[in-house]
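A.B. asks: So I've got this file, my_file33.cif, and it contains mmCIF, C-alpha atoms:
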data_model
#
loop_
_atom_site.label_atom_id
_atom_site.label_comp_id
_atom_site.auth_asym_id
_atom_site.auth_seq_id
_atom_site.Cartn_x
_atom_site.Cartn_y
_atom_site.Cartn_z
CA MET C 1 19.76 -6.25 17.80
CA SER C 2 16.32 -4.72 17.60
CA GLY C 3 12.88 -5.90 18.56
CA ALA C 4 12.16 -8.18 21.49
CA GLU C 5 10.53 -10.66 19.11
CA ARG C 6 13.99 -11.69 17.89
CA PHE C 7 14.67 -13.43 21.19
CA VAL C 8 13.77 -16.97 22.22
CA LEU C 9 13.15 -17.47 25.93
CA ARG C 10 13.72 -20.84 27.56
CA PRO C 11 14.61 -22.35 30.93
CA ALA C 12 18.35 -22.49 31.55
CA ARG C 13 19.81 -25.95 31.39
CA ALA C 14 22.95 -27.69 32.57
CA GLY C 15 25.88 -26.50 30.50
CA ASP C 16 24.64 -22.88 30.21
CA GLY C 17 26.70 -21.72 33.22
CA ALA C 18 29.76 -20.60 31.24
CA ARG C 19 27.61 -18.39 29.01
CA LEU C 20 25.67 -16.93 31.98
CA PHE C 21 29.01 -16.08 33.56
CA GLU C 22 30.06 -14.36 30.33
CA VAL C 23 26.74 -12.50 29.95
CA THR C 24 27.13 -11.12 33.48
CA ARG C 25 30.72 -10.06 32.83
CA LEU C 26 29.88 -8.42 29.50
CA SER C 27 26.83 -6.69 30.95
CA VAL C 28 28.76 -5.15 33.81
CA ALA C 29 31.71 -4.17 31.61
CA GLY C 30 29.48 -2.58 29.00
CA LEU C 31 26.54 -1.13 30.91
CA ALA C 32 27.81 -0.19 34.38
CA THR C 33 30.90 1.84 33.49
CA GLY C 34 29.27 5.23 34.13
CA ALA C 35 28.01 4.22 37.58
CA TYR C 36 30.97 2.32 39.05
CA SER C 37 34.72 2.75 39.15
CA PRO C 38 37.05 0.72 36.92
CA ALA C 39 38.27 -1.13 40.03
CA GLN C 40 34.71 -2.05 41.02
CA ILE C 41 33.94 -3.31 37.54
CA GLU C 42 37.19 -5.26 37.38
CA GLY C 43 36.43 -6.96 40.70
CA TRP C 44 32.69 -7.36 40.10
CA MET C 45 32.77 -11.07 39.41
CA GLY C 46 34.67 -11.75 42.63
CA ALA C 47 35.17 -15.47 43.05
CA ARG C 48 32.38 -16.38 40.62
CA THR C 49 33.07 -19.05 38.06
CA PRO C 50 30.90 -20.76 35.48
CA ALA C 51 30.28 -23.40 38.17
CA THR C 52 28.63 -20.70 40.30
CA TYR C 53 26.06 -20.26 37.55
CA GLU C 54 25.66 -24.00 37.07
CA GLY C 55 24.63 -24.09 40.74
CA LEU C 56 21.97 -21.45 40.11
CA ILE C 57 20.71 -23.38 37.11
CA ALA C 58 20.48 -26.59 39.16
CA LYS C 59 18.17 -24.83 41.63
CA GLY C 60 15.75 -24.08 38.79
CA GLY C 61 14.05 -20.81 37.92
CA VAL C 62 16.70 -19.29 35.64
CA THR C 63 15.29 -18.16 32.28
CA VAL C 64 17.62 -17.34 29.42
CA ALA C 65 17.09 -15.32 26.26
CA GLU C 66 18.73 -16.44 23.05
CA CYS C 67 19.28 -14.65 19.79
CA GLU C 68 20.33 -16.85 16.88
CA GLY C 69 21.19 -19.63 19.34
CA LEU C 70 23.43 -17.51 21.59
CA ILE C 71 22.38 -16.63 25.16
CA VAL C 72 22.26 -12.83 25.40
CA GLY C 73 20.45 -12.36 28.71
CA PHE C 74 18.95 -14.08 31.72
CA VAL C 75 16.83 -13.57 34.82
CA ASP C 76 16.25 -15.51 38.01
CA ALA C 77 14.20 -14.94 41.10
CA GLU C 78 13.21 -16.38 44.44
CA PRO C 79 10.01 -15.76 46.39
CA GLY C 80 9.78 -12.01 46.97
CA GLU C 81 12.85 -10.97 44.97
CA VAL C 82 14.13 -10.70 41.43
CA THR C 83 17.72 -11.67 42.14
CA ARG C 84 19.52 -11.31 38.79
CA LEU C 85 18.77 -9.77 35.42
CA PHE C 86 21.63 -9.28 32.99
CA LEU C 87 21.83 -8.56 29.26
CA VAL C 88 24.78 -8.23 26.94
CA PRO C 89 25.08 -4.58 25.87
CA ASP C 90 24.00 -5.29 22.27
CA ALA C 91 20.67 -6.67 23.56
CA ALA C 92 19.88 -3.64 25.74
CA GLY C 93 17.18 -1.29 24.54
CA ALA C 94 15.30 -3.85 22.43
CA GLY C 95 12.59 -4.68 24.99
CA LEU C 96 14.28 -7.86 26.16
CA GLY C 97 14.95 -6.55 29.67
CA ALA C 98 11.23 -5.85 30.10
CA ARG C 99 10.33 -9.36 28.95
CA LEU C 100 12.82 -10.94 31.32
CA LEU C 101 11.71 -8.71 34.20
CA GLU C 102 8.10 -9.78 33.66
CA ILE C 103 9.20 -13.43 33.97
CA GLY C 104 11.28 -12.66 37.06
CA ILE C 105 8.39 -10.85 38.73
CA GLY C 106 6.11 -13.79 38.01
CA GLN C 107 8.60 -16.16 39.61
CA ALA C 108 9.08 -13.86 42.61
CA ARG C 109 5.29 -13.70 43.17
CA ALA C 110 4.96 -17.50 43.29
CA GLY C 111 4.27 -18.35 46.92
CA HIS C 112 4.80 -14.74 48.02
CA ALA C 113 2.11 -12.18 48.87
CA GLY C 114 4.24 -9.14 49.79
CA PRO C 115 6.20 -6.63 47.76
CA ILE C 116 8.69 -7.79 45.17
CA LYS C 117 12.20 -6.55 45.92
CA VAL C 118 15.23 -5.94 43.78
CA GLU C 119 18.72 -4.73 44.66
CA ALA C 120 19.29 -2.67 41.52
CA THR C 121 22.65 -1.53 40.32
CA VAL C 122 22.91 2.26 40.20
CA ASN C 123 22.83 2.20 36.39
CA ALA C 124 19.65 0.06 36.36
CA GLU C 125 17.56 2.17 38.77
CA GLY C 126 15.78 4.02 35.94
CA PHE C 127 14.92 0.75 34.19
CA TYR C 128 13.23 -0.67 37.28
CA ARG C 129 11.48 2.63 37.99
CA ARG C 130 10.00 2.62 34.47
CA HIS C 131 8.57 -0.81 35.30
CA GLY C 132 6.82 0.28 38.48
CA PHE C 133 9.47 -0.25 41.15
CA ARG C 134 10.04 2.49 43.71
CA THR C 135 13.23 3.28 45.56
CA VAL C 136 13.09 2.41 49.26
CA GLY C 137 16.74 2.85 50.22
CA THR C 138 20.35 2.31 49.30
CA GLY C 139 22.92 -0.19 50.37
CA THR C 140 25.98 -2.09 49.30
CA PHE C 141 26.32 -5.55 47.94
CA SER C 142 29.44 -7.64 48.07
CA HIS C 143 27.98 -10.44 45.94
CA GLY C 144 28.69 -12.75 48.85
CA ILE C 145 31.69 -14.32 47.14
CA GLY C 146 34.40 -11.71 46.95
CA GLY C 147 34.94 -8.44 45.19
CA ASP C 148 34.64 -4.93 46.58
CA PRO C 149 31.17 -3.96 47.77
CA ILE C 150 29.20 -1.95 45.25
CA ALA C 151 26.45 0.58 45.81
CA VAL C 152 22.94 -0.68 45.08
CA VAL C 153 19.50 0.85 45.11
CA LEU C 154 16.91 -1.05 47.14
CA MET C 155 13.61 -1.07 45.27
CA GLU C 156 10.14 -2.59 45.63
CA LEU C 157 7.16 -3.23 43.41
#
If you convert what's in this file into structure tokens, what do you get?
C.D. replies:
Amino acid sequence: MSGAERFVLRPARAGDGARLFEVTRLSVAGLATGAYSPAQIEGWMGARTPATYEGLIAKGGVTVAECEGLIVGFVDAEPGEVTRLFLVPDAAGAGLGARLLEIGIGQARAGHAGPIKVEATVNAEGFYRRHGFRTVGTGTFSHGIGGDPIAVVLMEL
């Protein structure tokens, strides 16, 4: 895929959860392999299921990117934080991540006056840095629902 203009952005809707689950799995398996161990990648999804993503969709604020009718990426945020941004590997490098990040930042700013935070995966630190985020620390993230903790980079805009 090339060129961010090839993507259609829309709010996620009920029934998209299975594809968001798959986008996350594919993203981690294809883009995080140099930064995390095979065991971490294998356990990344923890106890997540498509229903986990349906719950996120029901809360509102998830934006998906489609290419030829197939969801290839998504972002969601809450006040003060971009919480998730995942792309399938084939969509990386086409400008889509930047478009989704812009949407996520806008959502995170709604009702929030302070810095915008992100817990970036180690492999995504450079991406966020190129978009103005600065590293403020490191930590681990267990995803809250199983799986081995993974190293993350704490960043702010």
A.B. asks: Which is closest to C:Phe7 among C:Val82, C:Leu100, C:Ala77, C:Ile41, if we use all atoms listed in the file?
C.D. replies: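 Closest to C:Phe7 of all the choices is C:Leu100.
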A.B. asks: For this structure, which residues satisfy the selection - the PyMOL selection byres ((chain C and resi 71) around 10) - when it is evaluated on the file as given? I want them as an mmCIF file with C-alpha atoms, in the coordinates of the input.
C.D. replies:
data_model
loop_
_atom_site.group_PDB
_atom_site.id
_atom_site.type_symbol
_atom_site.label_atom_id
_atom_site.label_comp_id
_atom_site.auth_asym_id
_atom_site.auth_seq_id
_atom_site.Cartn_x
_atom_site.Cartn_y
_atom_site.Cartn_z
ATOM 1 C CA PHE C 7 14.670 -13.430 21.190
ATOM 2 C CA VAL C 8 13.770 -16.970 22.220
ATOM 3 C CA LEU C 9 13.150 -17.470 25.930
ATOM 4 C CA ARG C 10 13.720 -20.840 27.560
ATOM 5 C CA ALA C 12 18.350 -22.490 31.550
ATOM 6 C CA ASP C 16 24.640 -22.880 30.210
ATOM 7 C CA ARG C 19 27.610 -18.390 29.010
ATOM 8 C CA LEU C 20 25.670 -16.930 31.980
ATOM 9 C CA GLU C 22 30.060 -14.360 30.330
ATOM 10 C CA VAL C 23 26.740 -12.500 29.950
ATOM 11 C CA VAL C 64 17.620 -17.340 29.420
ATOM 12 C CA ALA C 65 17.090 -15.320 26.260
ATOM 13 C CA GLU C 66 18.730 -16.440 23.050
ATOM 14 C CA CYS C 67 19.280 -14.650 19.790
ATOM 15 C CA GLU C 68 20.330 -16.850 16.880
ATOM 16 C CA GLY C 69 21.190 -19.630 19.340
ATOM 17 C CA LEU C 70 23.430 -17.510 21.590
ATOM 18 C CA VAL C 72 22.260 -12.830 25.400
ATOM 19 C CA GLY C 73 20.450 -12.360 28.710
ATOM 20 C CA PHE C 74 18.950 -14.080 31.720
ATOM 21 C CA LEU C 87 21.830 -8.560 29.260
ATOM 22 C CA VAL C 88 24.780 -8.230 26.940
#
A.B. asks: What is the atom CA of C:Phe133-atom CA of C:Leu157 distance in Å, reported with one decimal?
C.D. replies: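 Atom-to-atom, atom CA of C:Phe133 to atom CA of C:Leu157, that is 4.4 Å.
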A.B. asks: Report, in Å with one decimal, the straight-line distance from atom CA of C:Ala94 to atom CA of C:Ala29.
C.D. replies: 18.8 Å
A.B. asks: For a quick check of understanding, using all atoms listed in the file, which of C:Glu156, C:Phe141, C:Arg134, C:Asp148 has the smallest distance to C:Gly114?
C.D. replies: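 Closest to C:Gly114, using all atoms listed in the file: C:Glu156.
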